[in-house]
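Reproduced below: data_8.cif, with mmCIF, C-alpha atoms and all ligand atoms.
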data_entry
#
loop_
_atom_site.group_PDB
_atom_site.id
_atom_site.type_symbol
_atom_site.label_atom_id
_atom_site.label_comp_id
_atom_site.auth_asym_id
_atom_site.auth_seq_id
_atom_site.Cartn_x
_atom_site.Cartn_y
_atom_site.Cartn_z
ATOM 1 C CA MET L 15 114.502 97.004 50.918
ATOM 2 C CA ALA L 16 114.456 100.728 50.104
ATOM 3 C CA GLY L 17 114.078 103.044 53.095
ATOM 4 C CA LEU L 18 110.727 104.571 53.931
ATOM 5 C CA LEU L 19 111.933 108.079 53.000
ATOM 6 C CA GLU L 20 114.150 107.267 50.020
ATOM 7 C CA GLY L 21 114.569 110.383 47.832
ATOM 8 C CA LYS L 22 112.873 112.747 50.278
ATOM 9 C CA LYS L 23 114.369 116.038 51.507
ATOM 10 C CA VAL L 24 113.457 117.021 55.039
ATOM 11 C CA LEU L 25 114.197 120.101 57.154
ATOM 12 C CA VAL L 26 114.529 119.209 60.842
ATOM 13 C CA THR L 27 114.283 122.082 63.340
ATOM 14 C CA GLY L 28 114.770 121.739 67.093
ATOM 15 C CA VAL L 29 117.838 119.505 67.390
ATOM 16 C CA LEU L 30 119.914 120.447 70.435
ATOM 17 C CA ASP L 31 121.437 117.208 71.652
ATOM 18 C CA ARG L 32 120.816 113.485 71.475
ATOM 19 C CA ARG L 33 117.918 113.797 73.913
ATOM 20 C CA SER L 34 115.968 116.094 71.555
ATOM 21 C CA ILE L 35 112.913 114.491 69.964
ATOM 22 C CA ALA L 36 114.046 116.094 66.700
ATOM 23 C CA TYR L 37 117.460 114.381 66.946
ATOM 24 C CA SER L 38 115.745 111.031 67.008
ATOM 25 C CA ALA L 39 113.646 112.053 63.986
ATOM 26 C CA ALA L 40 116.794 113.274 62.168
ATOM 27 C CA ARG L 41 118.691 110.033 62.823
ATOM 28 C CA LEU L 42 115.776 107.799 61.817
ATOM 29 C CA ALA L 43 114.931 109.886 58.720
ATOM 30 C CA THR L 44 118.564 109.563 57.582
ATOM 31 C CA GLU L 45 118.500 105.811 58.230
ATOM 32 C CA GLN L 46 115.330 105.611 56.140
ATOM 33 C CA GLY L 47 117.009 107.258 53.154
ATOM 34 C CA ALA L 48 116.030 110.933 53.518
ATOM 35 C CA GLU L 49 118.446 113.758 52.847
ATOM 36 C CA ILE L 50 118.107 116.163 55.740
ATOM 37 C CA ALA L 51 119.154 119.636 56.859
ATOM 38 C CA LEU L 52 119.090 120.712 60.499
ATOM 39 C CA SER L 53 118.394 124.176 61.786
ATOM 40 C CA GLY L 54 119.687 125.808 64.914
ATOM 41 C CA PHE L 55 119.807 129.294 66.327
ATOM 42 C CA GLY L 56 121.563 131.700 68.639
ATOM 43 C CA ARG L 57 123.747 130.275 71.361
ATOM 44 C CA ALA L 58 122.321 126.798 70.727
ATOM 45 C CA MET L 59 123.819 126.720 67.223
ATOM 46 C CA SER L 60 127.039 125.058 68.448
ATOM 47 C CA LEU L 61 125.044 122.276 70.167
ATOM 48 C CA THR L 62 123.143 121.634 66.926
ATOM 49 C CA GLN L 63 126.409 121.569 64.966
ATOM 50 C CA ARG L 64 127.838 119.049 67.422
ATOM 51 C CA SER L 65 124.737 116.853 67.011
ATOM 52 C CA ALA L 66 125.000 117.123 63.212
ATOM 53 C CA LYS L 67 128.504 115.616 63.415
ATOM 54 C CA ARG L 68 127.036 112.507 65.036
ATOM 55 C CA LEU L 69 124.808 111.867 62.023
ATOM 56 C CA ASP L 70 126.011 109.998 58.963
ATOM 57 C CA PRO L 71 126.120 111.638 56.497
ATOM 58 C CA GLU L 72 126.610 114.879 58.410
ATOM 59 C CA PRO L 73 123.754 117.233 57.461
ATOM 60 C CA PRO L 74 124.170 120.971 56.914
ATOM 61 C CA VAL L 75 123.050 123.218 59.774
ATOM 62 C CA LEU L 76 121.116 126.329 58.780
ATOM 63 C CA GLU L 77 120.539 129.298 61.013
ATOM 64 C CA LEU L 78 116.861 129.695 61.853
ATOM 65 C CA ASP L 79 115.182 131.661 64.603
ATOM 66 C CA VAL L 80 111.529 130.896 63.861
ATOM 67 C CA ASN L 81 110.547 134.326 65.181
ATOM 68 C CA LYS L 82 112.558 136.064 62.451
ATOM 69 C CA PRO L 83 110.833 136.248 59.058
ATOM 70 C CA GLU L 84 114.168 137.140 57.407
ATOM 71 C CA ASN L 85 115.687 133.878 58.736
ATOM 72 C CA ILE L 86 112.776 131.875 57.309
ATOM 73 C CA ARG L 87 113.252 133.598 53.926
ATOM 74 C CA THR L 88 116.984 132.799 53.938
ATOM 75 C CA VAL L 89 116.324 129.139 54.793
ATOM 76 C CA ALA L 90 113.754 128.913 51.968
ATOM 77 C CA GLU L 91 116.296 130.373 49.516
ATOM 78 C CA ASP L 92 119.010 128.026 50.733
ATOM 79 C CA LEU L 93 116.788 124.934 50.422
ATOM 80 C CA GLU L 94 115.549 125.986 46.996
ATOM 81 C CA GLU L 95 119.127 126.238 45.778
ATOM 82 C CA ARG L 96 120.239 123.066 47.578
ATOM 83 C CA TRP L 97 117.283 120.783 46.835
ATOM 84 C CA GLY L 98 114.757 122.614 44.639
ATOM 85 C CA GLU L 99 111.980 121.000 46.667
ATOM 86 C CA VAL L 100 111.137 120.157 50.286
ATOM 87 C CA HIS L 101 109.136 117.007 51.134
ATOM 88 C CA GLY L 102 108.951 117.447 54.879
ATOM 89 C CA ILE L 103 109.432 119.807 57.813
ATOM 90 C CA VAL L 104 109.865 118.790 61.450
ATOM 91 C CA HIS L 105 108.659 121.653 63.631
ATOM 92 C CA SER L 106 110.131 120.751 67.015
ATOM 93 C CA VAL L 107 110.318 124.178 68.570
ATOM 94 C CA ALA L 108 108.919 125.538 71.808
ATOM 95 C CA PHE L 109 109.845 128.350 74.138
ATOM 96 C CA ALA L 110 108.391 129.933 77.259
ATOM 97 C CA SER L 111 110.203 132.165 79.726
ATOM 98 C CA GLU L 112 110.545 131.123 83.370
ATOM 99 C CA ASP L 113 107.777 133.446 84.528
ATOM 100 C CA ALA L 114 105.302 131.687 82.225
ATOM 101 C CA LEU L 115 105.951 128.232 83.728
ATOM 102 C CA GLY L 116 106.188 126.331 86.992
ATOM 103 C CA GLY L 117 103.095 127.630 88.810
ATOM 104 C CA ASN L 118 103.303 131.296 87.770
ATOM 105 C CA PHE L 119 100.188 131.127 85.613
ATOM 106 C CA LEU L 120 98.196 133.796 87.458
ATOM 107 C CA SER L 121 100.985 136.372 87.509
ATOM 108 C CA THR L 122 102.438 135.949 83.997
ATOM 109 C CA GLU L 123 102.288 139.196 82.017
ATOM 110 C CA TRP L 124 101.301 139.453 78.360
ATOM 111 C CA PRO L 125 104.814 139.952 76.877
ATOM 112 C CA SER L 126 105.864 136.531 78.248
ATOM 113 C CA VAL L 127 102.615 134.936 77.065
ATOM 114 C CA ALA L 128 103.067 136.533 73.630
ATOM 115 C CA ALA L 129 106.653 135.221 73.416
ATOM 116 C CA ALA L 130 105.478 131.670 74.223
ATOM 117 C CA LEU L 131 102.680 131.815 71.640
ATOM 118 C CA GLU L 132 104.922 133.294 68.968
ATOM 119 C CA ALA L 133 107.761 130.757 69.234
ATOM 120 C CA SER L 134 105.654 127.700 70.071
ATOM 121 C CA ALA L 135 102.478 128.081 67.972
ATOM 122 C CA TYR L 136 102.557 130.945 65.458
ATOM 123 C CA SER L 137 105.934 129.684 64.219
ATOM 124 C CA LEU L 138 104.270 126.539 62.809
ATOM 125 C CA LYS L 139 102.315 128.818 60.468
ATOM 126 C CA ALA L 140 105.283 131.085 59.752
ATOM 127 C CA LEU L 141 107.599 128.208 58.823
ATOM 128 C CA SER L 142 105.014 126.194 56.856
ATOM 129 C CA VAL L 143 103.975 129.220 54.795
ATOM 130 C CA GLY L 144 107.581 130.345 54.405
ATOM 131 C CA LEU L 145 108.478 127.014 52.757
ATOM 132 C CA MET L 146 105.085 126.442 51.118
ATOM 133 C CA ASP L 147 106.248 127.203 47.585
ATOM 134 C CA LEU L 148 108.924 124.501 47.875
ATOM 135 C CA MET L 149 106.399 121.835 48.850
ATOM 136 C CA LYS L 150 104.516 119.814 46.232
ATOM 137 C CA PRO L 151 101.507 117.516 46.729
ATOM 138 C CA GLY L 152 102.491 114.735 49.143
ATOM 139 C CA ALA L 153 104.660 117.009 51.314
ATOM 140 C CA SER L 154 104.185 116.760 55.047
ATOM 141 C CA VAL L 155 104.717 119.044 58.050
ATOM 142 C CA VAL L 156 104.947 117.486 61.514
ATOM 143 C CA GLY L 157 104.864 119.447 64.777
ATOM 144 C CA LEU L 158 105.424 118.290 68.362
ATOM 145 C CA ASP L 159 102.666 118.586 70.913
ATOM 146 C CA PHE L 160 102.064 117.875 74.566
ATOM 147 C CA ASP L 161 98.347 117.103 74.881
ATOM 148 C CA ALA L 162 96.602 120.417 75.541
ATOM 149 C CA SER L 163 93.122 119.066 76.234
ATOM 150 C CA VAL L 164 93.713 119.360 79.998
ATOM 151 C CA ALA L 165 95.485 121.752 82.413
ATOM 152 C CA TRP L 166 98.747 120.175 83.625
ATOM 153 C CA PRO L 167 100.697 121.061 86.747
ATOM 154 C CA ALA L 168 103.576 123.488 86.001
ATOM 155 C CA TYR L 169 103.069 123.537 82.234
ATOM 156 C CA ASP L 170 101.053 126.756 82.478
ATOM 157 C CA TRP L 171 101.345 129.101 79.472
ATOM 158 C CA MET L 172 103.216 126.453 77.499
ATOM 159 C CA GLY L 173 99.996 124.434 77.792
ATOM 160 C CA VAL L 174 98.067 127.383 76.360
ATOM 161 C CA ALA L 175 100.660 127.663 73.576
ATOM 162 C CA LYS L 176 100.200 123.953 72.823
ATOM 163 C CA ALA L 177 96.416 124.455 72.595
ATOM 164 C CA ALA L 178 97.157 127.232 70.079
ATOM 165 C CA LEU L 179 99.554 124.912 68.235
ATOM 166 C CA GLU L 180 96.846 122.239 67.972
ATOM 167 C CA SER L 181 94.401 124.734 66.512
ATOM 168 C CA THR L 182 97.055 126.240 64.218
ATOM 169 C CA SER L 183 97.800 122.801 62.771
ATOM 170 C CA ARG L 184 94.118 122.262 61.972
ATOM 171 C CA TYR L 185 93.837 125.633 60.203
ATOM 172 C CA LEU L 186 97.038 124.923 58.289
ATOM 173 C CA ALA L 187 95.579 121.555 57.261
ATOM 174 C CA ARG L 188 92.562 123.462 55.980
ATOM 175 C CA TYR L 189 94.510 126.092 54.041
ATOM 176 C CA LEU L 190 97.383 123.935 52.745
ATOM 177 C CA GLY L 191 95.292 120.843 51.991
ATOM 178 C CA PRO L 192 94.288 122.155 48.550
ATOM 179 C CA LYS L 193 98.032 122.240 47.722
ATOM 180 C CA GLY L 194 98.330 118.587 48.761
ATOM 181 C CA ILE L 195 100.343 119.426 51.886
ATOM 182 C CA ARG L 196 99.550 117.492 55.076
ATOM 183 C CA ILE L 197 99.985 118.980 58.577
ATOM 184 C CA ASN L 198 99.921 116.736 61.631
ATOM 185 C CA LEU L 199 101.080 116.808 65.241
ATOM 186 C CA VAL L 200 102.712 114.092 67.297
ATOM 187 C CA SER L 201 101.689 114.334 70.930
ATOM 188 C CA ALA L 202 104.471 112.701 72.939
ATOM 189 C CA GLY L 203 104.568 111.703 76.588
ATOM 190 C CA PRO L 204 107.009 113.473 78.956
ATOM 191 C CA LEU L 205 110.681 113.224 77.943
ATOM 192 C CA LYS L 206 113.837 114.255 79.757
ATOM 193 C CA THR L 207 115.039 116.841 77.238
ATOM 194 C CA LEU L 208 116.591 120.258 77.792
ATOM 195 C CA ALA L 209 113.209 121.918 77.143
ATOM 196 C CA ALA L 210 111.531 119.761 79.800
ATOM 197 C CA LYS L 211 114.338 120.438 82.307
ATOM 198 C CA SER L 212 113.587 124.134 82.158
ATOM 199 C CA ILE L 213 110.038 123.565 83.467
ATOM 200 C CA PRO L 214 110.155 123.471 87.275
ATOM 201 C CA GLY L 215 107.781 120.773 88.528
ATOM 202 C CA PHE L 216 107.489 118.987 85.171
ATOM 203 C CA GLU L 217 108.934 115.806 86.682
ATOM 204 C CA GLY L 218 105.655 115.487 88.644
ATOM 205 C CA ILE L 219 103.948 114.717 85.330
ATOM 206 C CA GLU L 220 106.364 111.840 84.677
ATOM 207 C CA GLY L 221 105.024 110.004 87.748
ATOM 208 C CA GLU L 222 101.511 110.288 86.346
ATOM 209 C CA TRP L 223 102.620 108.291 83.302
ATOM 210 C CA GLU L 224 103.796 105.405 85.455
ATOM 211 C CA ARG L 225 100.409 105.254 87.165
ATOM 212 C CA GLN L 226 98.032 105.832 84.274
ATOM 213 C CA ALA L 227 99.581 104.530 81.048
ATOM 214 C CA PRO L 228 98.734 100.968 79.997
ATOM 215 C CA LEU L 229 102.039 100.463 78.135
ATOM 216 C CA SER L 230 105.380 101.312 79.665
ATOM 217 C CA TRP L 231 107.028 104.675 78.910
ATOM 218 C CA SER L 232 110.683 105.575 79.112
ATOM 219 C CA THR L 233 111.258 109.286 79.799
ATOM 220 C CA PRO L 234 114.840 109.324 78.463
ATOM 221 C CA ASP L 235 113.858 107.696 75.145
ATOM 222 C CA PRO L 236 112.629 110.031 72.354
ATOM 223 C CA GLU L 237 112.662 107.274 69.708
ATOM 224 C CA PRO L 238 108.905 106.434 69.742
ATOM 225 C CA GLY L 239 108.212 110.093 68.860
ATOM 226 C CA GLY L 240 110.963 110.056 66.224
ATOM 227 C CA ARG L 241 109.497 106.950 64.618
ATOM 228 C CA ALA L 242 106.026 108.491 64.420
ATOM 229 C CA ILE L 243 107.441 111.675 62.862
ATOM 230 C CA VAL L 244 109.362 109.724 60.225
ATOM 231 C CA SER L 245 106.343 107.596 59.360
ATOM 232 C CA LEU L 246 104.297 110.772 58.793
ATOM 233 C CA PHE L 247 106.786 111.850 56.110
ATOM 234 C CA SER L 248 106.387 108.540 54.327
ATOM 235 C CA ASP L 249 103.778 107.814 51.690
ATOM 236 C CA TRP L 250 101.882 105.623 54.185
ATOM 237 C CA TRP L 251 99.654 108.391 55.611
ATOM 238 C CA PRO L 252 98.329 109.948 52.378
ATOM 239 C CA ALA L 253 94.855 110.646 53.785
ATOM 240 C CA THR L 254 95.785 112.010 57.214
ATOM 241 C CA THR L 255 95.954 115.730 57.937
ATOM 242 C CA GLY L 256 94.881 118.020 60.784
ATOM 243 C CA GLU L 257 95.438 115.004 63.046
ATOM 244 C CA LEU L 258 96.913 114.695 66.515
ATOM 245 C CA ILE L 259 98.711 111.392 66.868
ATOM 246 C CA HIS L 260 99.307 110.321 70.442
ATOM 247 C CA VAL L 261 102.647 108.681 71.065
ATOM 248 C CA ASP L 262 102.046 108.461 74.805
ATOM 249 C CA VAL L 263 101.640 104.702 75.462
ATOM 250 C CA GLY L 264 97.883 105.204 75.790
ATOM 251 C CA TYR L 265 97.921 107.668 78.701
ATOM 252 C CA HIS L 266 95.390 110.000 77.070
ATOM 253 C CA ALA L 267 92.832 107.222 76.588
ATOM 254 C CA MET L 268 92.654 106.084 80.236
ATOM 255 C CA GLY L 269 90.181 107.509 82.719
ATOM 256 C CA GLY L 270 92.139 106.594 85.845
ATOM 257 C CA PRO L 271 95.189 104.886 87.263
ATOM 258 C CA ILE L 272 96.261 101.447 85.998
ATOM 259 C CA LYS L 273 98.617 100.822 88.929
HETATM 260 N N1 LIG V 301 110.154 116.965 76.411
HETATM 261 C C1 LIG V 301 108.875 116.668 76.514
HETATM 262 O O1 LIG V 301 108.426 116.134 77.545
HETATM 263 C C2 LIG V 301 107.948 116.936 75.366
HETATM 264 C C3 LIG V 301 106.734 116.232 75.285
HETATM 265 C C4 LIG V 301 105.880 116.492 74.205
HETATM 266 C C5 LIG V 301 106.207 117.453 73.277
HETATM 267 N N2 LIG V 301 107.400 118.146 73.387
HETATM 268 C C6 LIG V 301 107.703 119.143 72.369
HETATM 269 O O2 LIG V 301 108.737 118.663 71.541
HETATM 270 C C7 LIG V 301 109.379 119.772 70.913
HETATM 271 C C8 LIG V 301 110.881 119.635 71.066
HETATM 272 O O3 LIG V 301 111.246 119.722 72.424
HETATM 273 P P1 LIG V 301 112.276 118.744 73.126
HETATM 274 O O4 LIG V 301 111.589 118.226 74.349
HETATM 275 O O5 LIG V 301 112.883 117.800 72.161
HETATM 276 O O6 LIG V 301 113.368 119.744 73.718
HETATM 277 P P2 LIG V 301 114.654 120.473 73.092
HETATM 278 O O7 LIG V 301 115.040 121.459 74.150
HETATM 279 O O8 LIG V 301 115.648 119.463 72.698
HETATM 280 O O9 LIG V 301 114.080 121.221 71.812
HETATM 281 C C9 LIG V 301 113.445 122.478 71.838
HETATM 282 C C10 LIG V 301 113.974 123.226 70.643
HETATM 283 O O10 LIG V 301 113.289 124.454 70.429
HETATM 284 C C11 LIG V 301 114.269 125.329 69.850
HETATM 285 N N3 LIG V 301 113.816 126.712 69.847
HETATM 286 C C12 LIG V 301 113.326 127.442 70.883
HETATM 287 N N4 LIG V 301 113.056 128.701 70.457
HETATM 288 C C13 LIG V 301 113.371 128.749 69.121
HETATM 289 C C14 LIG V 301 113.331 129.753 68.134
HETATM 290 N N5 LIG V 301 112.909 130.994 68.390
HETATM 291 N N6 LIG V 301 113.714 129.442 66.864
HETATM 292 C C15 LIG V 301 114.152 128.204 66.556
HETATM 293 N N7 LIG V 301 114.233 127.202 67.465
HETATM 294 C C16 LIG V 301 113.849 127.486 68.737
HETATM 295 C C17 LIG V 301 115.483 125.079 70.716
HETATM 296 O O11 LIG V 301 116.670 125.575 70.093
HETATM 297 C C18 LIG V 301 115.461 123.564 70.785
HETATM 298 O O12 LIG V 301 116.185 123.017 69.704
HETATM 299 C C19 LIG V 301 108.781 121.016 71.565
HETATM 300 O O13 LIG V 301 107.733 121.515 70.764
HETATM 301 C C20 LIG V 301 108.226 120.474 72.874
HETATM 302 O O14 LIG V 301 107.201 121.267 73.418
HETATM 303 C C21 LIG V 301 108.273 117.894 74.404
#
Would you write the structure of this file as structure tokens?
Amino acid sequence: MAGLLEGKKVLVTGVLDRRSIAYSAARLATEQGAEIALSGFGRAMSLTQRSAKRLDPEPPVLELDVNKPENIRTVAEDLEERWGEVHGIVHSVAFASEDALGGNFLSTEWPSVAAALEASAYSLKALSVGLMDLMKPGASVVGLDFDASVAWPAYDWMGVAKAALESTSRYLARYLGPKGIRINLVSAGPLKTLAAKSIPGFEGIEGEWERQAPLSWSTPDPEPGGRAIVSLFSDWWPATTGELIHVDVGYHAMGGPIK
């Protein structure tokens, strides 16, 4: 049977190591027949290159700091030359400085808030629009969310950035829909990735999942998120855009503890 993404070309941002949600998406997309390119940036570039070597075939790694418009332009030029067309983008990028996380909500100053919003929410618009001319009807952009409908312990300004990401994805769905481009978010449960490690107190949220989710959740396993991302690049969600798909074993739908 042909893979779900046979013939599709997908840019995957946000791969650091095997724990990254984007790594799981990259591996599964490759298994399903997609040709992929990874992006990495700054000091993390070498980690991304090491992860690329674990994939078969080994994808190219492009330099992309989502806050730099010139980087986005260079990636668009590279992909145009390489592929001529892009069928999918994984936006798996988030950043907040230490003073914007871990209980510092009331004292965080605007420059740190602005940095979190820029890298974690505005970048979805910047990247989608930067590659827009390479995407034809049927193309799909998928971002990664942590449910922003409530205020979590420790998540602080990253939670506000995720609320902005959710809204940004809906506006993108509105503006890119007429071009046939779909924009959706996958809202995953808590995972033990490098990004999560940098949030002091985030492990408290993991315990909540054990108590309140009807299905069981494994914090070291990003594959459920990866599977959802890959399925959203397939032709099996042609009528879904501006949507937030929960891959959280039902946590968000429960009103109280199960156990
Ligand atoms: N880990 C969790 O519990 C969890 C849960 C739900 C959603 N998410 C979201 O999933 C996404 C991926 O995070 P992850 O948990 O796999 O961690 P990760 O640390 O593996 O990935 C975060 C990525 O963001 C990249 N990044 C940060 N600033 C960037 C910039 N300016 N330009 C380009 N890339 C930049 C990092 O290089 C890294 O690859 C994030 O949006 C995160 O908020 C994480």
Q: Around the point (97.3, 118.1, 65.2) in the file's coordinates, collect all residues with an atom within 8 Å, using all atoms listed in the file, and return them as an MDAnalysis selection string.
A: chainID L and resid 157 159 179:181 183:184 197:200 255:259
Q: Could you pull out the residues sitting within 7 Å of ligand LIG 301 (chain V), using all atoms listed in the file, and write them as an MDAnalysis selection string?
A: chainID L and resid 27:31 33:36 54:55 58 78:81 106:109 133:134 157:160 201:210
Residues from the last selection, C-alpha atoms, saved as a short mmCIF file (atom, residue, chain, number, x, y, z; two decimals), in the coordinates of the input:
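Generated output (selection34.cif):
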data_model
loop_
_atom_site.label_atom_id
_atom_site.label_comp_id
_atom_site.auth_asym_id
_atom_site.auth_seq_id
_atom_site.Cartn_x
_atom_site.Cartn_y
_atom_site.Cartn_z
CA THR L 27 114.28 122.08 63.34
CA GLY L 28 114.77 121.74 67.09
CA VAL L 29 117.84 119.50 67.39
CA LEU L 30 119.91 120.45 70.44
CA ASP L 31 121.44 117.21 71.65
CA ARG L 33 117.92 113.80 73.91
CA SER L 34 115.97 116.09 71.56
CA ILE L 35 112.91 114.49 69.96
CA ALA L 36 114.05 116.09 66.70
CA GLY L 54 119.69 125.81 64.91
CA PHE L 55 119.81 129.29 66.33
CA ALA L 58 122.32 126.80 70.73
CA LEU L 78 116.86 129.70 61.85
CA ASP L 79 115.18 131.66 64.60
CA VAL L 80 111.53 130.90 63.86
CA ASN L 81 110.55 134.33 65.18
CA SER L 106 110.13 120.75 67.02
CA VAL L 107 110.32 124.18 68.57
CA ALA L 108 108.92 125.54 71.81
CA PHE L 109 109.84 128.35 74.14
CA ALA L 133 107.76 130.76 69.23
CA SER L 134 105.65 127.70 70.07
CA GLY L 157 104.86 119.45 64.78
CA LEU L 158 105.42 118.29 68.36
CA ASP L 159 102.67 118.59 70.91
CA PHE L 160 102.06 117.88 74.57
CA SER L 201 101.69 114.33 70.93
CA ALA L 202 104.47 112.70 72.94
CA GLY L 203 104.57 111.70 76.59
CA PRO L 204 107.01 113.47 78.96
CA LEU L 205 110.68 113.22 77.94
CA LYS L 206 113.84 114.26 79.76
CA THR L 207 115.04 116.84 77.24
CA LEU L 208 116.59 120.26 77.79
CA ALA L 209 113.21 121.92 77.14
CA ALA L 210 111.53 119.76 79.80
#
Q: Quick one: pull the distance between atom CA of Lys82 of chain L and atom CA of Ala128 of chain L, Å, one decimal.
A: 14.7 Å
Q) Looking at L:Gly47, L:Pro74, L:Pro167, L:Gly98, which one is nearest to Phe119 of chain L, with distances taken over all atoms listed in the file? A)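 Ranking L:Gly47, L:Pro74, L:Pro167, L:Gly98 by distance to Phe119 of chain L, first place goes to L:Pro167.
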Q | Polymer residues at most 8 Å from Ala66 of chain L, only C-alpha atoms, same-chain spacing of 6 or more positions, as a list in words | A |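 The residues satisfying every condition are Leu52, Glu72, Pro73, Pro74 and Val75 of chain L.
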Q: Taking the file above as input, evaluate the PyMOL selection byres (((chain L and resi 220) around 10) and not hetatm) and report the hits as a list in words.
A: Gly203, Pro204, Leu205, Lys206, Gly215, Phe216, Glu217, Gly218, Ile219, Gly221, Glu222, Trp223, Glu224, Arg225, Trp231, Ser232 and Thr233 of chain L
Keeping C-alpha atoms, export the residues of the selection given above as a tab-separated table (two decimals), in the coordinates of the input.
chain	number	residue	atom	x	y	z
L	203	GLY	CA	104.57	111.70	76.59
L	204	PRO	CA	107.01	113.47	78.96
L	205	LEU	CA	110.68	113.22	77.94
L	206	LYS	CA	113.84	114.26	79.76
L	215	GLY	CA	107.78	120.77	88.53
L	216	PHE	CA	107.49	118.99	85.17
L	217	GLU	CA	108.93	115.81	86.68
L	218	GLY	CA	105.66	115.49	88.64
L	219	ILE	CA	103.95	114.72	85.33
L	221	GLY	CA	105.02	110.00	87.75
L	222	GLU	CA	101.51	110.29	86.35
L	223	TRP	CA	102.62	108.29	83.30
L	224	GLU	CA	103.80	105.40	85.46
L	225	ARG	CA	100.41	105.25	87.16
L	231	TRP	CA	107.03	104.68	78.91
L	232	SER	CA	110.68	105.58	79.11
L	233	THR	CA	111.26	109.29	79.80
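From atom CA of Ile213 of chain L back to atom CA of Glu84 of chain L, the distance works out to 29.7 Å.
The residue that comes closest to Gly173 of chain L, out of L:Ala110, L:Val143, L:Ile195, L:Met59 and on the basis of all atoms listed in the file, is L:Ala110.
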Q.
Suppose a student applies the PyMOL selection byres (((chain L and resi 135) around 7) and not hetatm) to this structure; what residues should they get, written as a PyMOL selection string?
A. chain L and resi 131-134+136-138+175-176+178-179+182
Q: Could you check how far atom CA of Leu148 of chain L sits from atom CA of Ser245 of chain L, in Å to one decimal?
A: 20.6 Å
Q. For Ala43 of chain L, which residue among L:Ala130, L:Leu190, L:Ala114, L:Ile243 is the nearest when counting all atoms listed in the file?
A.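 Looking at the shortest contact to Ala43 of chain L, the residue is L:Ile243.
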With a distance cut-off of 8 Å and all atoms listed in the file, select the neighbouring residues of Leu19 of chain L, excluding the residue or stretch itself and same-chain residues fewer than 3 positions from it, and output the selection as a PDB file with C-alpha atoms, in the frame of the given file.
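Contents of around.pdb, freshly written:
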ATOM      1  CA  LYS L  22     112.873 112.747  50.278  1.00  0.00           C
ATOM      2  CA  ALA L  43     114.931 109.886  58.720  1.00  0.00           C
ATOM      3  CA  GLN L  46     115.330 105.611  56.140  1.00  0.00           C
ATOM      4  CA  GLY L  47     117.009 107.258  53.154  1.00  0.00           C
ATOM      5  CA  ALA L  48     116.030 110.933  53.518  1.00  0.00           C
ATOM      6  CA  VAL L 244     109.362 109.724  60.225  1.00  0.00           C
ATOM      7  CA  PHE L 247     106.786 111.850  56.110  1.00  0.00           C
ATOM      8  CA  SER L 248     106.387 108.540  54.327  1.00  0.00           C
TER       9      SER L 248
END
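Selection by the PyMOL selection byres (((chain L and resi 155) around 6) and not hetatm) on the present file picks out L:Gly102, L:Ile103, L:Ser154, L:Val156, L:Ile197.
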Restricting the output to C-alpha atoms, write the selected residues as a tab-separated table (two decimals), keeping the file's coordinate frame.
chain	number	residue	atom	x	y	z
L	102	GLY	CA	108.95	117.45	54.88
L	103	ILE	CA	109.43	119.81	57.81
L	154	SER	CA	104.18	116.76	55.05
L	156	VAL	CA	104.95	117.49	61.51
L	197	ILE	CA	99.98	118.98	58.58
**Q.** Shortest interatomic distance to Trp97 of chain L - which of L:Arg41, L:Lys193, L:Lys211, L:Lys23, counting all atoms listed in the file
**A.**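 Using all atoms listed in the file, Trp97 of chain L sits closest to L:Lys23.
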